[in-house]
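Notes follow the structure.
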There are 2 protein chains.
Amino acid sequence: MSTLHDVAQLAGVSPITVSRVINNSGYVSEKTRKRVEAAVKRLKYVPNGLARSLRSQKTTTLALVVTDITNPFFTLIARAVEDTASAAGYSVFFCNTDESEAKEQEYLDILLQKQVAGILLVPVRSTPSSIKFIHDHGASVVVLDRRISGMTMDTVRCDSEGGAYQLTQLLINLGHRQIAMLTGPRGVSTAEDRVAGYERALAEAGLRPSASLVCYQAFTQDSGYEMTQWALAVSPRPTALFAANNFIAIGVLKALQAAGLRVPEDMAVVAFDDLPPALITFPFLTVAAQPAYEMGRVATKLLLERLSGAQAQAEVVLPTEIVLRQSSGNPLT
Amino acid sequence: MSTLHDVAQLAGVSPITVSRVINNSGYVSEKTRKRVEAAVKRLKYVPNGLARSLRSQKTTTLALVVTDITNPFFTLIARAVEDTASAAGYSVFFCNTDESEAKEQEYLDILLQKQVAGILLVPVRSTPSSIKFIHDHGASVVVLDRRISGMTMDTVRCDSEGGAYQLTQLLINLGHRQIAMLTGPRGVSTAEDRVAGYERALAEAGLRPSASLVCYQAFTQDSGYEMTQWALAVSPRPTALFAANNFIAIGVLKALQAAGLRVPEDMAVVAFDDLPPALITFPFLTVAAQPAYEMGRVATKLLLERLSGAQAQAEVVLPTEIVLRQSSGNPLT
DNA sequence: CTGTTAGCGCGTTCAG
DNA sequence: CTGAACGCGCTAACAG
C-alpha cells in the first residue's frame, strides 16, 4: 500500500514529479522518468483512485439499476453496458430493485454517495422524481427500457406499442378474435404500452377491445401462470394469449401444459421479448424481440456523451423485430 | 453538491458536529441534532463517500469478476452476490473477462485503484498470481467456481469431479460404453475436474478411458457444436455425449438436430449445469445441477467475514445434484 | 456536549 | 524541467 510519497522518496524526487510521470502530464526528463518508473515497479505502486477522484471531482464509475439481472433481457443489457463502459475506462456497479421503490431509492442514495458519474436506470415508477433526485446531486442519468412522463430526458427504449400492435395484428390475421393480454403492473410503461398497441390493433380491425380480456399483474413466471388460469376461465374462452414479457410467457406455457392444452393447436401464444439464442435449443415462441444488447450499448454511449458535455437530450426508440415461429400457429379455419 | 461545511454553516455549528449527527457517533444534544438534520434536508446534503473512504481507509465496495455474466450460471451467482452484499451495505462492481488473462489483469488493476475492499474472482488461470496480486494490494479475495493450486485461499466451488463421476456412472449403468466427453479449455479446473470424474467412473467400471473420446475446447455453444461434429466422426461412434457445461450442451443439441439425430433415441446426452427453471419451459436435459445462487451467497458471506477480520481460510465445496430427465434415455438393449 | 487541529493521497497553481 | 503550497471533503484525536 505505498503512496505517491513513498515512490517519490525512493526515486529521490518530489511527489508531484511522480504524479506527472503517472499521468503523462507536464515535462519530465527521460532520466527521472526512468527512475520514477523503476520505483513504481519496485513498490508495486497503484494510485489511489479515491484520492484522485476527490481531488479531480470526477469519477470513472457508472451504475446500472435494473429490476432483476436474472431476466435475460436485463442480463444482455448488463453485458452491453459493461462492455461499452469498460472500453471507455469506466467501471459499473449493478443493482436490482425488484420493482421496489424503496430499494430504488436506497440504491440511488448509495450510488450518489459513491459519486458515480452517471446512472443507467430502469425506473420502478413512471414519475420523474428519481431522475430529478439524481440530477440534483450532479450525476447524469439515462432512462432505460421504460418511459417517464412530465420531463424531457435521455431515454433508450423499445417501441412497445408498435411491437404489441404487430403481434396482435398477426393473431388477428390468423383469424383470432378472442385474444387475452397478460401484462405487467399498471404504472409501468412497458406493461401499459403493450396493452395500448394490442388495443389499437383490435380497434383497427373493428374489434372492440374488451377490458375483460386484459390482465395486469407482475412480469413474473408465477404471474404468467396465474393469469393463464384466469384467462382459461373467461367465457368465451380466448383462442390466443399475448404474454407481455418473457417470464410471463414461460408461466403461460407451463400453465397451458398443466391444463392439458397444446400450443398452438389448442391455444395460440405470442410474447414480447425473445430468449437469447445462446439459451434456447429449439426456438418455439413467436415474439417481438427487443435488441437488448443494442439498447445497453446505445444507452451507455449516450451517457458517456452526456458526461463529456453533450447538451441535447436524446430519446432513442428502437424497433422490435417480429419473429414468427410455431407458437402462433396456423390460420384458424 | 453541498458539503459538510455548508451544512455546518447553515446549522450554525462546526463541521465535526454535523459529522457526528450523520454518523450517530459521539454525543450531540437533541436541539443541535434537530437543527443539523433540518439543514441536511434543506441542502439535500449527501455525504461524499470518496472523502469518507479516503479518511477512514475503508470502502464498502466489492467486485465480482466472472468470465461472462450472460451465462445463466454466473448471472445467478451475480444476483446472489449483489443480494448478499447490499444487505450488508456493500456495492458491487461487475466485470467480464471472457477467459482472457489480459482482461482479468486490467480489471484487477482498476479495481484495486478504486480501493475495493474485496473481490469475488472466477480466475482465468489456475495459477495463484492474480490472487497474490490482489493480496499485495491489501484487498481480500474469494475464488469462485474454480480451483487454484499452490496456495491456500478462500474458495467456493462445486464438486465438479464428483458430479461428473455420477453422470458418467449413470450413462454406464444405462449400458453406454462409448461416451464422448466434450469439455472446456485445458488449464481451467472445472474443465479438467469434470474429465477426471468421467475417467474415474469409466475406470471403476473396468472401461479403459480413451483419450480419443475426450475433447478440450471452449465453454461455448459454438464449441459444443463443433465438438459434437467431431464426436460424430469418431469410430466407433459414441452412443452418449457428456457436455461439460450448459453452453456446450446447447451446441450439442443443435448439432445433433442438424445431423438429424434424435435425443435420446439416437444419442444420449448429459450435461453439467442446469438452466434456471425460470428460463426453461420443458426441462429435458439430464444434468448435474450446481447451486449457483448458494455459491454466490456463501462466497460473499465468506468475503464479508474476511473483511471483518476472520482469520482461517475456508475452502467450501458444494455438492451437485443429479437431475434425471429425458435426454439420458432408457437402458440400451 | 462541542470545537480545533491535522491529515488521508492526490493534482492544480504558481514559482523557480 | 522540477518543486512548494494548498485544498478536495471528511473524521480521528485531542481539547475545552
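A note on labels: chains of the C-alpha cells are A, B, ... as shown, every chain counts residues from 1, and ligands are counted from 1 in their shown order.
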**Request:** Select residues of chain B: the criterion is any atom within 10 Å of an atom of chain D, counting only C-alpha atoms (C1' of nucleotides); output as a list of chain:residue names.
**Result:**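 Residues satisfying the distance criterion: B:Thr3, B:Leu4, B:His5, B:Pro15, B:Ile16, B:Ser19, B:Arg20, B:Pro47, B:Asn48, B:Gly49, B:Leu50, B:Ala51, B:Arg52, B:Ser53, B:Leu54, B:Arg55, B:Ser56.
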**Message:** Run DSSP on the backbone and tell me which residues of stretch 69-262 of chain A come out as strand (DSSP E); list them as number ranges by chain.
**Reply:** A: 91-96, 118-121, 140-144, 155-158, 179-183, 214-216, 240-243
If you keep C-alpha atoms, can you produce a file of those selected residues as a compact mmCIF listing (two decimals), in the first residue's frame?
```txt
# COMPACT_ATOMS: atom_id res chain seq x y z
CA SER A 91 -16.47 0.67 -14.11
CA VAL A 92 -20.05 -0.31 -13.43
CA PHE A 93 -21.97 -1.02 -10.23
CA PHE A 94 -25.05 -3.16 -10.63
CA CYS A 95 -28.23 -3.08 -8.57
CA ASN A 96 -31.53 -4.99 -8.52
CA GLY A 118 -23.80 8.51 -14.25
CA ILE A 119 -26.61 6.03 -13.81
CA LEU A 120 -28.42 3.79 -16.28
CA LEU A 121 -31.82 3.40 -14.71
CA SER A 140 -26.22 12.14 -15.17
CA VAL A 141 -28.85 9.59 -15.93
CA VAL A 142 -30.17 7.68 -18.90
CA VAL A 143 -33.55 6.02 -18.55
CA LEU A 144 -33.61 2.52 -19.94
CA THR A 155 -34.03 7.67 -22.78
CA VAL A 156 -33.37 4.46 -24.64
CA ARG A 157 -36.23 2.06 -25.04
CA CYS A 158 -38.06 -0.15 -27.50
CA ILE A 179 -57.14 -12.58 -27.59
CA ALA A 180 -56.23 -12.27 -23.93
CA MET A 181 -53.49 -9.82 -22.97
CA LEU A 182 -51.44 -10.86 -19.95
CA THR A 183 -49.28 -7.96 -18.92
CA VAL A 214 -56.71 -7.67 -20.30
CA CYS A 215 -54.99 -8.70 -17.10
CA TYR A 216 -52.41 -6.53 -15.34
CA ALA A 240 -54.90 -16.82 -28.25
CA LEU A 241 -52.78 -15.46 -25.40
CA PHE A 242 -50.44 -12.49 -25.57
CA ALA A 243 -47.69 -12.62 -22.92
```
**Prompt:** Near chain A, which residues of chain B fall within 9 Å when you count only C-alpha atoms, and what do they look like as a ChimeraX atom specification?
**Reply:** /B:1-2,44-51,53-54,63,68-72,75-76,78-79,82-83,86,89,91-96,107,109-115,136-138,220-221,246-247,250-251,253-254,275,278-282
Give me the residues of chain C that have any atom at most 7 Å from an atom of chain A; for each, the nearest atom pair and the distance in Å, rounded to one decimal. Use only C-alpha atoms (C1' of nucleotides), sort by chain and number, and format it as CSV.
```
residue,atom,partner,partner_atom,distance
C:DG9,C1',A:Ala51,CA,5.0
C:DC10,C1',A:Arg52,CA,5.2
C:DG11,C1',A:Arg55,CA,6.5
```
Grab the residues selected above and save them as a compact mmCIF listing (two decimals), in the first residue's frame with N, CA and C atoms (P, O5', C5', C4', C3', O3' and C1' of nucleotides).
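Written output follows (selection26.txt):
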```txt
# COMPACT_ATOMS: atom_id res chain seq x y z
P DG C 9 -2.35 7.59 2.82
O5' DG C 9 -2.54 8.15 1.34
C5' DG C 9 -3.51 7.57 0.50
C4' DG C 9 -3.63 8.43 -0.74
C3' DG C 9 -2.31 8.63 -1.49
O3' DG C 9 -2.50 8.19 -2.82
C1' DG C 9 -3.44 10.69 -1.16
P DC C 10 -1.45 8.45 -3.95
O5' DC C 10 -1.98 9.77 -4.64
C5' DC C 10 -3.19 9.71 -5.38
C4' DC C 10 -3.69 11.09 -5.67
C3' DC C 10 -2.89 11.85 -6.72
O3' DC C 10 -3.58 11.73 -7.95
C1' DC C 10 -3.55 13.24 -4.86
P DG C 11 -2.95 12.24 -9.32
O5' DG C 11 -3.31 13.80 -9.36
C5' DG C 11 -4.68 14.16 -9.46
C4' DG C 11 -4.82 15.68 -9.45
C3' DG C 11 -4.08 16.40 -10.57
O3' DG C 11 -4.82 17.56 -10.87
C1' DG C 11 -3.25 17.13 -8.51
```
**Computed interatomic separation between atom CA of B:Gly175 and atom CA of B:Gln229 (Å)** =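 Value for the atom CA of B:Gly175-atom CA of B:Gln229 distance: 22.8 Å.
Atom CA of A:Glu321 lies 26.0 Å from atom CA of B:Ala255.
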I'd like to know which residues of stretch 137-318 of chain A are helix (DSSP H, G or I) (by DSSP, run on the backbone); could you write them as a short mmCIF file (atom, residue, chain, number, x, y, z; two decimals) with N, CA and C atoms, in the first residue's frame?
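This is the output file selection-v8.cif:
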```
data_model
loop_
_atom_site.label_atom_id
_atom_site.label_comp_id
_atom_site.auth_asym_id
_atom_site.auth_seq_id
_atom_site.Cartn_x
_atom_site.Cartn_y
_atom_site.Cartn_z
N SER A 160 -42.60 -0.48 -27.63
CA SER A 160 -43.51 -1.48 -27.06
C SER A 160 -44.87 -1.44 -27.73
N GLU A 161 -45.34 -0.24 -27.94
CA GLU A 161 -46.67 -0.10 -28.54
C GLU A 161 -46.68 -0.70 -29.94
N GLY A 162 -45.67 -0.36 -30.72
CA GLY A 162 -45.60 -0.85 -32.09
C GLY A 162 -45.44 -2.36 -32.17
N GLY A 163 -44.59 -2.89 -31.32
CA GLY A 163 -44.36 -4.33 -31.33
C GLY A 163 -45.62 -5.09 -30.96
N ALA A 164 -46.32 -4.59 -29.94
CA ALA A 164 -47.55 -5.24 -29.50
C ALA A 164 -48.61 -5.14 -30.58
N TYR A 165 -48.62 -4.00 -31.25
CA TYR A 165 -49.57 -3.80 -32.35
C TYR A 165 -49.35 -4.87 -33.42
N GLN A 166 -48.10 -5.06 -33.80
CA GLN A 166 -47.80 -6.02 -34.85
C GLN A 166 -48.12 -7.45 -34.46
N LEU A 167 -47.78 -7.80 -33.22
CA LEU A 167 -48.06 -9.16 -32.76
C LEU A 167 -49.56 -9.42 -32.74
N THR A 168 -50.31 -8.43 -32.30
CA THR A 168 -51.75 -8.59 -32.21
C THR A 168 -52.36 -8.71 -33.61
N GLN A 169 -51.85 -7.85 -34.49
CA GLN A 169 -52.31 -7.89 -35.87
C GLN A 169 -52.09 -9.28 -36.48
N LEU A 170 -50.94 -9.82 -36.17
CA LEU A 170 -50.61 -11.16 -36.64
C LEU A 170 -51.67 -12.15 -36.21
N LEU A 171 -52.04 -12.09 -34.94
CA LEU A 171 -53.05 -13.02 -34.42
C LEU A 171 -54.39 -12.79 -35.10
N ILE A 172 -54.72 -11.52 -35.28
CA ILE A 172 -55.99 -11.20 -35.92
C ILE A 172 -56.01 -11.76 -37.35
N ASN A 173 -54.91 -11.58 -38.04
CA ASN A 173 -54.83 -12.09 -39.41
C ASN A 173 -54.93 -13.61 -39.47
N SER A 189 -44.55 1.57 -17.81
CA SER A 189 -44.87 1.97 -19.17
C SER A 189 -44.86 0.81 -20.15
N THR A 190 -43.92 -0.12 -19.98
CA THR A 190 -43.87 -1.23 -20.92
C THR A 190 -45.16 -2.06 -20.83
N ALA A 191 -45.66 -2.27 -19.63
CA ALA A 191 -46.90 -3.02 -19.46
C ALA A 191 -48.05 -2.29 -20.14
N GLU A 192 -48.11 -1.01 -19.95
CA GLU A 192 -49.24 -0.24 -20.49
C GLU A 192 -49.13 -0.02 -21.99
N ASP A 193 -47.92 0.24 -22.47
CA ASP A 193 -47.74 0.48 -23.90
C ASP A 193 -48.09 -0.76 -24.71
N ARG A 194 -47.77 -1.93 -24.14
CA ARG A 194 -48.08 -3.16 -24.88
C ARG A 194 -49.58 -3.37 -24.95
N VAL A 195 -50.26 -2.99 -23.90
CA VAL A 195 -51.72 -3.05 -23.94
C VAL A 195 -52.25 -2.06 -24.98
N ALA A 196 -51.65 -0.90 -25.03
CA ALA A 196 -52.11 0.13 -25.97
C ALA A 196 -51.97 -0.36 -27.41
N GLY A 197 -50.82 -0.98 -27.72
CA GLY A 197 -50.61 -1.49 -29.08
C GLY A 197 -51.61 -2.59 -29.41
N TYR A 198 -51.86 -3.42 -28.45
CA TYR A 198 -52.84 -4.51 -28.59
C TYR A 198 -54.22 -3.93 -28.88
N GLU A 199 -54.57 -2.92 -28.14
CA GLU A 199 -55.91 -2.34 -28.31
C GLU A 199 -56.03 -1.60 -29.64
N ARG A 200 -54.95 -0.98 -30.06
CA ARG A 200 -55.01 -0.27 -31.34
C ARG A 200 -55.23 -1.27 -32.48
N ALA A 201 -54.53 -2.40 -32.41
CA ALA A 201 -54.69 -3.41 -33.47
C ALA A 201 -56.12 -3.93 -33.49
N LEU A 202 -56.66 -4.18 -32.31
CA LEU A 202 -58.05 -4.67 -32.23
C LEU A 202 -59.00 -3.64 -32.82
N ALA A 203 -58.83 -2.41 -32.40
CA ALA A 203 -59.74 -1.35 -32.85
C ALA A 203 -59.67 -1.19 -34.36
N GLU A 204 -58.46 -1.22 -34.88
CA GLU A 204 -58.30 -1.07 -36.32
C GLU A 204 -58.98 -2.18 -37.10
N ALA A 211 -62.04 -4.82 -21.89
CA ALA A 211 -61.21 -4.77 -20.68
C ALA A 211 -61.18 -6.13 -20.01
N SER A 212 -62.21 -6.92 -20.24
CA SER A 212 -62.26 -8.20 -19.55
C SER A 212 -61.29 -9.21 -20.15
N LEU A 213 -60.56 -8.81 -21.16
CA LEU A 213 -59.55 -9.73 -21.72
C LEU A 213 -58.13 -9.25 -21.43
N GLN A 221 -42.92 -15.27 -13.87
CA GLN A 221 -43.43 -16.55 -14.33
C GLN A 221 -44.68 -16.96 -13.55
N ASP A 222 -44.63 -16.79 -12.24
CA ASP A 222 -45.79 -17.14 -11.42
C ASP A 222 -47.02 -16.38 -11.85
N SER A 223 -46.80 -15.11 -12.09
CA SER A 223 -47.90 -14.28 -12.53
C SER A 223 -48.44 -14.77 -13.87
N GLY A 224 -47.54 -15.15 -14.78
CA GLY A 224 -47.97 -15.67 -16.07
C GLY A 224 -48.82 -16.92 -15.90
N TYR A 225 -48.41 -17.73 -14.96
CA TYR A 225 -49.15 -18.97 -14.68
C TYR A 225 -50.56 -18.65 -14.20
N GLU A 226 -50.63 -17.76 -13.24
CA GLU A 226 -51.94 -17.39 -12.68
C GLU A 226 -52.83 -16.70 -13.70
N MET A 227 -52.24 -15.79 -14.44
CA MET A 227 -53.05 -15.06 -15.43
C MET A 227 -53.60 -16.01 -16.49
N THR A 228 -52.83 -17.06 -16.78
CA THR A 228 -53.31 -18.04 -17.76
C THR A 228 -54.53 -18.78 -17.22
N GLN A 229 -54.44 -19.16 -15.95
CA GLN A 229 -55.59 -19.83 -15.35
C GLN A 229 -56.81 -18.93 -15.38
N TRP A 230 -56.56 -17.66 -15.12
CA TRP A 230 -57.64 -16.68 -15.19
C TRP A 230 -58.21 -16.63 -16.62
N ALA A 231 -57.32 -16.55 -17.59
CA ALA A 231 -57.76 -16.40 -18.99
C ALA A 231 -58.56 -17.61 -19.45
N LEU A 232 -58.15 -18.79 -18.97
CA LEU A 232 -58.84 -20.01 -19.40
C LEU A 232 -60.27 -20.07 -18.85
N ALA A 233 -60.49 -19.28 -17.81
CA ALA A 233 -61.82 -19.31 -17.20
C ALA A 233 -62.75 -18.26 -17.80
N ASN A 246 -41.06 -12.08 -21.37
CA ASN A 246 -40.54 -13.44 -21.47
C ASN A 246 -40.93 -14.32 -20.27
N PHE A 247 -40.85 -13.76 -19.06
CA PHE A 247 -41.17 -14.56 -17.88
C PHE A 247 -42.64 -14.94 -17.86
N ILE A 248 -43.50 -13.98 -18.19
CA ILE A 248 -44.93 -14.28 -18.28
C ILE A 248 -45.14 -15.41 -19.29
N ALA A 249 -44.43 -15.34 -20.41
CA ALA A 249 -44.59 -16.34 -21.47
C ALA A 249 -44.29 -17.74 -20.94
N ILE A 250 -43.23 -17.86 -20.16
CA ILE A 250 -42.89 -19.19 -19.64
C ILE A 250 -43.97 -19.68 -18.69
N GLY A 251 -44.49 -18.79 -17.87
CA GLY A 251 -45.60 -19.16 -16.99
C GLY A 251 -46.81 -19.60 -17.79
N VAL A 252 -47.06 -18.91 -18.87
CA VAL A 252 -48.19 -19.25 -19.75
C VAL A 252 -48.03 -20.67 -20.28
N LEU A 253 -46.85 -20.95 -20.82
CA LEU A 253 -46.62 -22.27 -21.41
C LEU A 253 -46.77 -23.36 -20.36
N LYS A 254 -46.26 -23.10 -19.16
CA LYS A 254 -46.38 -24.12 -18.11
C LYS A 254 -47.83 -24.34 -17.71
N ALA A 255 -48.57 -23.25 -17.60
CA ALA A 255 -49.97 -23.37 -17.19
C ALA A 255 -50.78 -24.10 -18.26
N LEU A 256 -50.47 -23.81 -19.52
CA LEU A 256 -51.20 -24.48 -20.59
C LEU A 256 -50.90 -25.97 -20.59
N GLN A 257 -49.64 -26.27 -20.36
CA GLN A 257 -49.27 -27.68 -20.31
C GLN A 257 -50.00 -28.38 -19.16
N ALA A 258 -50.01 -27.70 -18.02
CA ALA A 258 -50.68 -28.28 -16.84
C ALA A 258 -52.17 -28.48 -17.11
N PRO A 277 -30.57 -16.64 -28.17
CA PRO A 277 -30.34 -17.89 -28.88
C PRO A 277 -29.35 -18.78 -28.13
N ALA A 278 -28.47 -18.16 -27.35
CA ALA A 278 -27.49 -18.94 -26.62
C ALA A 278 -28.15 -19.85 -25.59
N LEU A 279 -29.38 -19.54 -25.22
CA LEU A 279 -30.03 -20.32 -24.16
C LEU A 279 -31.09 -21.27 -24.68
N ALA A 292 -31.76 -6.16 -27.06
CA ALA A 292 -31.32 -5.81 -25.70
C ALA A 292 -29.88 -5.33 -25.67
N TYR A 293 -28.99 -6.06 -26.33
CA TYR A 293 -27.59 -5.66 -26.30
C TYR A 293 -27.42 -4.26 -26.87
N GLU A 294 -28.09 -4.04 -28.00
CA GLU A 294 -28.01 -2.74 -28.65
C GLU A 294 -28.56 -1.63 -27.74
N MET A 295 -29.62 -1.93 -27.02
CA MET A 295 -30.18 -0.94 -26.10
C MET A 295 -29.14 -0.54 -25.05
N GLY A 296 -28.49 -1.55 -24.49
CA GLY A 296 -27.48 -1.27 -23.46
C GLY A 296 -26.32 -0.48 -24.03
N ARG A 297 -25.93 -0.84 -25.23
CA ARG A 297 -24.79 -0.18 -25.86
C ARG A 297 -25.12 1.29 -26.14
N VAL A 298 -26.25 1.51 -26.76
CA VAL A 298 -26.64 2.87 -27.11
C VAL A 298 -26.82 3.73 -25.85
N ALA A 299 -27.45 3.15 -24.85
CA ALA A 299 -27.70 3.90 -23.62
C ALA A 299 -26.39 4.31 -22.96
N THR A 300 -25.43 3.41 -22.97
CA THR A 300 -24.14 3.73 -22.34
C THR A 300 -23.40 4.80 -23.13
N LYS A 301 -23.42 4.65 -24.44
CA LYS A 301 -22.82 5.67 -25.31
C LYS A 301 -23.42 7.04 -24.99
N LEU A 302 -24.72 7.06 -24.90
CA LEU A 302 -25.43 8.31 -24.64
C LEU A 302 -24.99 8.90 -23.31
N LEU A 303 -24.89 8.05 -22.33
CA LEU A 303 -24.48 8.52 -21.00
C LEU A 303 -23.06 9.08 -21.05
N LEU A 304 -22.19 8.37 -21.74
CA LEU A 304 -20.80 8.82 -21.82
C LEU A 304 -20.70 10.15 -22.57
N GLU A 305 -21.53 10.30 -23.60
CA GLU A 305 -21.55 11.58 -24.31
C GLU A 305 -22.01 12.70 -23.38
N ARG A 306 -23.03 12.44 -22.65
CA ARG A 306 -23.52 13.44 -21.70
C ARG A 306 -22.42 13.81 -20.71
N LEU A 307 -21.67 12.84 -20.28
CA LEU A 307 -20.60 13.10 -19.30
C LEU A 307 -19.50 13.96 -19.91
#
```
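Atom CA of B:Lys103 to atom CA of B:Ser130 spans 11.8 Å [interatomic distance, one decimal].
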